[in-house]
Amino acid sequence: MSWLSVSAYVEFHQHTNRTFDPYMPIVVIGALAGGAALAVMYGVHSTPGQLATAGAACYALVMIIGVPTCVRINHQIASWSIQNPPREWAQMRARWIRFHVIRTLFSVPALVVYVLAAMLNASR
């Protein structure tokens, strides 16, 4: 993303916000609720249930990290002029990327432990 011009970056970010922002709460809350449901279904004291609980905790952290940082920055960027973004646009981009990476570092393991929980439960 750093190779994009300022106006191209703002336009790209605004477009992806319009595309993904309406669905992200549904996906993340659904993943969190799905993990909680798997934990209950598998039994919270079983290994698959504990893995599902760990995955749900990771998705809770995704929400805790993402809402006050990435989502807030997305709302700010949505109001920017493509031709005349604020002077601090590069710092905002760097901050968004930093928190996006952090929340992704929790969401990927969450998916992995959900898959492991399902595989372990299937083998019981």
# chains A, B, ... in the order shown; residues from 1 in each chain; ligands from 1
call {"tool": "residues_around", "arguments": {"residues": "stretch 14-30 of chain A", "least_positions_apart": "4", "cutoff": "12 Å", "atoms": "only C-alpha atoms", "output": "NGL selection string"}}
result
:A and (7-10 or 34-38 or 55-64 or 66-67 or 70-82 or 85 or 103-104 or 106-107 or 110-111)
call {"tool": "write_last_selection", "arguments": {"atoms": "C-alpha atoms", "output": "PDB file, in the first residue's frame"}}
result
ATOM      1  CA  SER A   7      -5.205  10.120  -3.567  1.00  0.00           C
ATOM      2  CA  ALA A   8      -5.093   6.516  -4.820  1.00  0.00           C
ATOM      3  CA  TYR A   9      -4.660   5.237  -1.258  1.00  0.00           C
ATOM      4  CA  VAL A  10      -7.571   7.314   0.056  1.00  0.00           C
ATOM      5  CA  GLY A  34     -19.871 -19.792  16.571  1.00  0.00           C
ATOM      6  CA  GLY A  35     -16.876 -20.480  18.789  1.00  0.00           C
ATOM      7  CA  ALA A  36     -18.993 -20.171  21.907  1.00  0.00           C
ATOM      8  CA  ALA A  37     -21.558 -22.533  20.391  1.00  0.00           C
ATOM      9  CA  LEU A  38     -18.839 -25.041  19.485  1.00  0.00           C
ATOM     10  CA  GLY A  55     -10.753 -19.341  19.337  1.00  0.00           C
ATOM     11  CA  ALA A  56     -13.731 -17.384  20.684  1.00  0.00           C
ATOM     12  CA  ALA A  57     -11.383 -15.504  23.038  1.00  0.00           C
ATOM     13  CA  CYS A  58      -9.182 -14.625  20.054  1.00  0.00           C
ATOM     14  CA  TYR A  59     -12.190 -13.264  18.157  1.00  0.00           C
ATOM     15  CA  ALA A  60     -13.190 -11.259  21.234  1.00  0.00           C
ATOM     16  CA  LEU A  61      -9.702  -9.728  21.133  1.00  0.00           C
ATOM     17  CA  VAL A  62     -10.160  -8.992  17.424  1.00  0.00           C
ATOM     18  CA  MET A  63     -13.225  -6.938  18.354  1.00  0.00           C
ATOM     19  CA  ILE A  64     -11.546  -5.280  21.335  1.00  0.00           C
ATOM     20  CA  GLY A  66     -10.412  -3.464  15.959  1.00  0.00           C
ATOM     21  CA  VAL A  67     -13.357  -1.341  17.043  1.00  0.00           C
ATOM     22  CA  CYS A  70      -9.279   0.256  12.758  1.00  0.00           C
ATOM     23  CA  VAL A  71     -13.022   0.925  12.680  1.00  0.00           C
ATOM     24  CA  ARG A  72     -12.535   4.411  14.104  1.00  0.00           C
ATOM     25  CA  ILE A  73      -9.812   5.161  11.546  1.00  0.00           C
ATOM     26  CA  ASN A  74     -12.051   3.783   8.764  1.00  0.00           C
ATOM     27  CA  HIS A  75     -14.771   6.269   9.750  1.00  0.00           C
ATOM     28  CA  GLN A  76     -12.254   9.112   9.684  1.00  0.00           C
ATOM     29  CA  ILE A  77     -10.892   8.106   6.272  1.00  0.00           C
ATOM     30  CA  ALA A  78     -14.443   7.847   4.899  1.00  0.00           C
ATOM     31  CA  SER A  79     -14.817  11.606   5.380  1.00  0.00           C
ATOM     32  CA  TRP A  80     -11.539  12.578   3.694  1.00  0.00           C
ATOM     33  CA  SER A  81     -11.409  14.339   0.358  1.00  0.00           C
ATOM     34  CA  ILE A  82      -9.641  12.206  -2.240  1.00  0.00           C
ATOM     35  CA  PRO A  85      -6.559  14.425   2.377  1.00  0.00           C
ATOM     36  CA  ARG A 103      -5.942  -8.091  14.964  1.00  0.00           C
ATOM     37  CA  THR A 104      -5.078 -10.437  12.092  1.00  0.00           C
ATOM     38  CA  PHE A 106      -5.439 -13.062  16.584  1.00  0.00           C
ATOM     39  CA  SER A 107      -7.980 -13.954  13.894  1.00  0.00           C
ATOM     40  CA  ALA A 110      -8.676 -18.420  16.020  1.00  0.00           C
ATOM     41  CA  LEU A 111      -9.620 -20.000  12.708  1.00  0.00           C
TER      42      LEU A 111
END
call {"tool": "residues_around", "arguments": {"residues": "A:Ala52", "least_positions_apart": "6", "cutoff": "12 Å", "atoms": "only C-alpha atoms", "output": "VMD selection string"}}
result
chain A and resid 31 to 46 58 to 59 109 to 121
call {"tool": "write_last_selection", "arguments": {"atoms": "C-alpha atoms", "output": "JSON list (two decimals), in the first residue's frame"}}
result
[["chain", "number", "residue", "atom", "x", "y", "z"],
["A", 31, "ALA", "CA", -17.21, -16.17, 14.46],
["A", 32, "LEU", "CA", -17.26, -15.32, 18.16],
["A", 33, "ALA", "CA", -20.76, -16.74, 18.65],
["A", 34, "GLY", "CA", -19.87, -19.79, 16.57],
["A", 35, "GLY", "CA", -16.88, -20.48, 18.79],
["A", 36, "ALA", "CA", -18.99, -20.17, 21.91],
["A", 37, "ALA", "CA", -21.56, -22.53, 20.39],
["A", 38, "LEU", "CA", -18.84, -25.04, 19.49],
["A", 39, "ALA", "CA", -17.44, -24.87, 23.02],
["A", 40, "VAL", "CA", -20.86, -25.64, 24.49],
["A", 41, "MET", "CA", -21.56, -28.31, 21.89],
["A", 42, "TYR", "CA", -18.22, -30.05, 22.38],
["A", 43, "GLY", "CA", -18.22, -29.59, 26.15],
["A", 44, "VAL", "CA", -16.07, -26.88, 27.66],
["A", 45, "HIS", "CA", -13.95, -29.40, 29.58],
["A", 46, "SER", "CA", -13.00, -31.41, 26.48],
["A", 58, "CYS", "CA", -9.18, -14.62, 20.05],
["A", 59, "TYR", "CA", -12.19, -13.26, 18.16],
["A", 109, "PRO", "CA", -5.00, -18.56, 15.07],
["A", 110, "ALA", "CA", -8.68, -18.42, 16.02],
["A", 111, "LEU", "CA", -9.62, -20.00, 12.71],
["A", 112, "VAL", "CA", -6.86, -22.59, 13.09],
["A", 113, "VAL", "CA", -8.04, -23.66, 16.55],
["A", 114, "TYR", "CA", -11.66, -23.85, 15.32],
["A", 115, "VAL", "CA", -10.55, -26.23, 12.58],
["A", 116, "LEU", "CA", -8.47, -28.25, 15.06],
["A", 117, "ALA", "CA", -11.43, -28.42, 17.46],
["A", 118, "ALA", "CA", -13.68, -29.72, 14.70],
["A", 119, "MET", "CA", -11.07, -32.29, 13.59],
["A", 120, "LEU", "CA", -10.48, -33.51, 17.14],
["A", 121, "ASN", "CA", -14.18, -33.72, 17.83]]
call {"tool": "closest_atom_pairs", "arguments": {"of": "stretch 10-117 of chain A", "to": "stretch 2-5 of chain A", "cutoff": "10 Å", "atoms": "only C-alpha atoms", "output": "Markdown table"}}
result
| residue | atom | partner | partner_atom | distance |
| --- | --- | --- | --- | --- |
| A:Val10 | CA | A:Ser5 | CA | 8.6 |
| A:Glu11 | CA | A:Ser5 | CA | 9.9 |
| A:Phe12 | CA | A:Leu4 | CA | 9.2 |
| A:Ala90 | CA | A:Ser2 | CA | 8.9 |
| A:Arg93 | CA | A:Ser2 | CA | 8.9 |
| A:Ala94 | CA | A:Ser2 | CA | 9.2 |
call {"tool": "atom_distance", "arguments": {"atom1": "atom CA of A:Gln83", "atom2": "atom CA of A:Trp96"}}
result
20.3 Å
call {"tool": "atom_distance", "arguments": {"atom1": "atom CA of A:Ile97", "atom2": "atom CA of A:Ala54"}}
result
24.8 Å
call {"tool": "atom_distance", "arguments": {"atom1": "atom CA of A:Ile65", "atom2": "atom CA of A:Trp89"}}
result
20.7 Å
call {"tool": "decode", "arguments": {"residues": "chain A", "atoms": "C-alpha atoms", "output": "PDB file, in the first residue's frame"}}
result
ATOM      1  CA  MET A   1       0.000   0.000   0.000  1.00  0.00           C
ATOM      2  CA  SER A   2       2.914   2.367   0.532  1.00  0.00           C
ATOM      3  CA  TRP A   3       3.546   2.516  -3.211  1.00  0.00           C
ATOM      4  CA  LEU A   4       0.124   4.115  -3.854  1.00  0.00           C
ATOM      5  CA  SER A   5      -0.160   7.857  -4.271  1.00  0.00           C
ATOM      6  CA  VAL A   6      -2.023   9.711  -1.542  1.00  0.00           C
ATOM      7  CA  SER A   7      -5.205  10.120  -3.567  1.00  0.00           C
ATOM      8  CA  ALA A   8      -5.093   6.516  -4.820  1.00  0.00           C
ATOM      9  CA  TYR A   9      -4.660   5.237  -1.258  1.00  0.00           C
ATOM     10  CA  VAL A  10      -7.571   7.314   0.056  1.00  0.00           C
ATOM     11  CA  GLU A  11      -9.798   6.234  -2.828  1.00  0.00           C
ATOM     12  CA  PHE A  12      -8.828   2.565  -2.356  1.00  0.00           C
ATOM     13  CA  HIS A  13      -9.376   2.658   1.416  1.00  0.00           C
ATOM     14  CA  GLN A  14     -12.732   4.392   1.047  1.00  0.00           C
ATOM     15  CA  HIS A  15     -13.842   1.826  -1.520  1.00  0.00           C
ATOM     16  CA  THR A  16     -12.818  -1.145   0.629  1.00  0.00           C
ATOM     17  CA  ASN A  17     -14.541   0.447   3.626  1.00  0.00           C
ATOM     18  CA  ARG A  18     -17.792   0.682   1.689  1.00  0.00           C
ATOM     19  CA  THR A  19     -17.374  -2.922   0.545  1.00  0.00           C
ATOM     20  CA  PHE A  20     -16.348  -4.630   3.789  1.00  0.00           C
ATOM     21  CA  ASP A  21     -17.531  -2.453   6.689  1.00  0.00           C
ATOM     22  CA  PRO A  22     -21.185  -3.523   6.469  1.00  0.00           C
ATOM     23  CA  TYR A  23     -20.227  -7.208   6.725  1.00  0.00           C
ATOM     24  CA  MET A  24     -17.340  -7.203   9.206  1.00  0.00           C
ATOM     25  CA  PRO A  25     -19.484  -6.961  12.361  1.00  0.00           C
ATOM     26  CA  ILE A  26     -21.594  -9.878  11.126  1.00  0.00           C
ATOM     27  CA  VAL A  27     -18.518 -11.979  10.345  1.00  0.00           C
ATOM     28  CA  VAL A  28     -16.615 -11.262  13.562  1.00  0.00           C
ATOM     29  CA  ILE A  29     -19.635 -11.529  15.880  1.00  0.00           C
ATOM     30  CA  GLY A  30     -20.686 -14.678  14.011  1.00  0.00           C
ATOM     31  CA  ALA A  31     -17.210 -16.171  14.463  1.00  0.00           C
ATOM     32  CA  LEU A  32     -17.261 -15.323  18.162  1.00  0.00           C
ATOM     33  CA  ALA A  33     -20.763 -16.741  18.651  1.00  0.00           C
ATOM     34  CA  GLY A  34     -19.871 -19.792  16.571  1.00  0.00           C
ATOM     35  CA  GLY A  35     -16.876 -20.480  18.789  1.00  0.00           C
ATOM     36  CA  ALA A  36     -18.993 -20.171  21.907  1.00  0.00           C
ATOM     37  CA  ALA A  37     -21.558 -22.533  20.391  1.00  0.00           C
ATOM     38  CA  LEU A  38     -18.839 -25.041  19.485  1.00  0.00           C
ATOM     39  CA  ALA A  39     -17.436 -24.874  23.023  1.00  0.00           C
ATOM     40  CA  VAL A  40     -20.856 -25.643  24.487  1.00  0.00           C
ATOM     41  CA  MET A  41     -21.564 -28.315  21.889  1.00  0.00           C
ATOM     42  CA  TYR A  42     -18.216 -30.049  22.376  1.00  0.00           C
ATOM     43  CA  GLY A  43     -18.215 -29.591  26.147  1.00  0.00           C
ATOM     44  CA  VAL A  44     -16.074 -26.877  27.665  1.00  0.00           C
ATOM     45  CA  HIS A  45     -13.951 -29.400  29.576  1.00  0.00           C
ATOM     46  CA  SER A  46     -13.005 -31.411  26.479  1.00  0.00           C
ATOM     47  CA  THR A  47      -9.989 -30.563  24.345  1.00  0.00           C
ATOM     48  CA  PRO A  48     -12.141 -29.553  21.345  1.00  0.00           C
ATOM     49  CA  GLY A  49     -14.280 -27.406  23.638  1.00  0.00           C
ATOM     50  CA  GLN A  50     -11.232 -25.707  25.108  1.00  0.00           C
ATOM     51  CA  LEU A  51      -9.853 -25.056  21.630  1.00  0.00           C
ATOM     52  CA  ALA A  52     -13.182 -23.537  20.593  1.00  0.00           C
ATOM     53  CA  THR A  53     -13.128 -21.374  23.721  1.00  0.00           C
ATOM     54  CA  ALA A  54      -9.608 -20.202  22.871  1.00  0.00           C
ATOM     55  CA  GLY A  55     -10.753 -19.341  19.337  1.00  0.00           C
ATOM     56  CA  ALA A  56     -13.731 -17.384  20.684  1.00  0.00           C
ATOM     57  CA  ALA A  57     -11.383 -15.504  23.038  1.00  0.00           C
ATOM     58  CA  CYS A  58      -9.182 -14.625  20.054  1.00  0.00           C
ATOM     59  CA  TYR A  59     -12.190 -13.264  18.157  1.00  0.00           C
ATOM     60  CA  ALA A  60     -13.190 -11.259  21.234  1.00  0.00           C
ATOM     61  CA  LEU A  61      -9.702  -9.728  21.133  1.00  0.00           C
ATOM     62  CA  VAL A  62     -10.160  -8.992  17.424  1.00  0.00           C
ATOM     63  CA  MET A  63     -13.225  -6.938  18.354  1.00  0.00           C
ATOM     64  CA  ILE A  64     -11.546  -5.280  21.335  1.00  0.00           C
ATOM     65  CA  ILE A  65      -8.576  -4.283  19.183  1.00  0.00           C
ATOM     66  CA  GLY A  66     -10.412  -3.464  15.959  1.00  0.00           C
ATOM     67  CA  VAL A  67     -13.357  -1.341  17.043  1.00  0.00           C
ATOM     68  CA  PRO A  68     -11.498   1.496  18.820  1.00  0.00           C
ATOM     69  CA  THR A  69      -8.648   1.523  16.297  1.00  0.00           C
ATOM     70  CA  CYS A  70      -9.279   0.256  12.758  1.00  0.00           C
ATOM     71  CA  VAL A  71     -13.022   0.925  12.680  1.00  0.00           C
ATOM     72  CA  ARG A  72     -12.535   4.411  14.104  1.00  0.00           C
ATOM     73  CA  ILE A  73      -9.812   5.161  11.546  1.00  0.00           C
ATOM     74  CA  ASN A  74     -12.051   3.783   8.764  1.00  0.00           C
ATOM     75  CA  HIS A  75     -14.771   6.269   9.750  1.00  0.00           C
ATOM     76  CA  GLN A  76     -12.254   9.112   9.684  1.00  0.00           C
ATOM     77  CA  ILE A  77     -10.892   8.106   6.272  1.00  0.00           C
ATOM     78  CA  ALA A  78     -14.443   7.847   4.899  1.00  0.00           C
ATOM     79  CA  SER A  79     -14.817  11.606   5.380  1.00  0.00           C
ATOM     80  CA  TRP A  80     -11.539  12.578   3.694  1.00  0.00           C
ATOM     81  CA  SER A  81     -11.409  14.339   0.358  1.00  0.00           C
ATOM     82  CA  ILE A  82      -9.641  12.206  -2.240  1.00  0.00           C
ATOM     83  CA  GLN A  83      -8.032  15.287  -3.787  1.00  0.00           C
ATOM     84  CA  ASN A  84      -7.123  16.921  -0.468  1.00  0.00           C
ATOM     85  CA  PRO A  85      -6.559  14.425   2.377  1.00  0.00           C
ATOM     86  CA  PRO A  86      -5.294  15.703   5.731  1.00  0.00           C
ATOM     87  CA  ARG A  87      -1.561  16.234   6.214  1.00  0.00           C
ATOM     88  CA  GLU A  88      -1.369  13.374   8.735  1.00  0.00           C
ATOM     89  CA  TRP A  89      -2.724  10.788   6.276  1.00  0.00           C
ATOM     90  CA  ALA A  90       0.527   8.760   6.282  1.00  0.00           C
ATOM     91  CA  GLN A  91       0.503   8.457  10.078  1.00  0.00           C
ATOM     92  CA  MET A  92      -3.154   7.378  10.002  1.00  0.00           C
ATOM     93  CA  ARG A  93      -2.358   4.783   7.338  1.00  0.00           C
ATOM     94  CA  ALA A  94       0.569   3.443   9.389  1.00  0.00           C
ATOM     95  CA  ARG A  95      -1.583   3.282  12.526  1.00  0.00           C
ATOM     96  CA  TRP A  96      -4.383   1.463  10.666  1.00  0.00           C
ATOM     97  CA  ILE A  97      -1.924  -1.049   9.187  1.00  0.00           C
ATOM     98  CA  ARG A  98      -0.296  -1.659  12.589  1.00  0.00           C
ATOM     99  CA  PHE A  99      -3.609  -2.452  14.294  1.00  0.00           C
ATOM    100  CA  HIS A 100      -4.865  -4.428  11.297  1.00  0.00           C
ATOM    101  CA  VAL A 101      -1.802  -6.681  11.541  1.00  0.00           C
ATOM    102  CA  ILE A 102      -2.287  -7.100  15.292  1.00  0.00           C
ATOM    103  CA  ARG A 103      -5.942  -8.091  14.964  1.00  0.00           C
ATOM    104  CA  THR A 104      -5.078 -10.437  12.092  1.00  0.00           C
ATOM    105  CA  LEU A 105      -2.500 -12.107  14.346  1.00  0.00           C
ATOM    106  CA  PHE A 106      -5.439 -13.062  16.584  1.00  0.00           C
ATOM    107  CA  SER A 107      -7.980 -13.954  13.894  1.00  0.00           C
ATOM    108  CA  VAL A 108      -5.802 -16.434  11.985  1.00  0.00           C
ATOM    109  CA  PRO A 109      -4.996 -18.563  15.073  1.00  0.00           C
ATOM    110  CA  ALA A 110      -8.676 -18.420  16.020  1.00  0.00           C
ATOM    111  CA  LEU A 111      -9.620 -20.000  12.708  1.00  0.00           C
ATOM    112  CA  VAL A 112      -6.861 -22.593  13.091  1.00  0.00           C
ATOM    113  CA  VAL A 113      -8.035 -23.656  16.552  1.00  0.00           C
ATOM    114  CA  TYR A 114     -11.658 -23.848  15.320  1.00  0.00           C
ATOM    115  CA  VAL A 115     -10.552 -26.227  12.581  1.00  0.00           C
ATOM    116  CA  LEU A 116      -8.470 -28.254  15.060  1.00  0.00           C
ATOM    117  CA  ALA A 117     -11.428 -28.419  17.461  1.00  0.00           C
ATOM    118  CA  ALA A 118     -13.675 -29.719  14.697  1.00  0.00           C
ATOM    119  CA  MET A 119     -11.072 -32.285  13.587  1.00  0.00           C
ATOM    120  CA  LEU A 120     -10.478 -33.509  17.143  1.00  0.00           C
ATOM    121  CA  ASN A 121     -14.184 -33.720  17.831  1.00  0.00           C
ATOM    122  CA  ALA A 122     -14.737 -35.703  14.640  1.00  0.00           C
ATOM    123  CA  SER A 123     -12.082 -38.211  15.673  1.00  0.00           C
ATOM    124  CA  ARG A 124     -13.670 -38.851  19.111  1.00  0.00           C
TER     125      ARG A 124
END
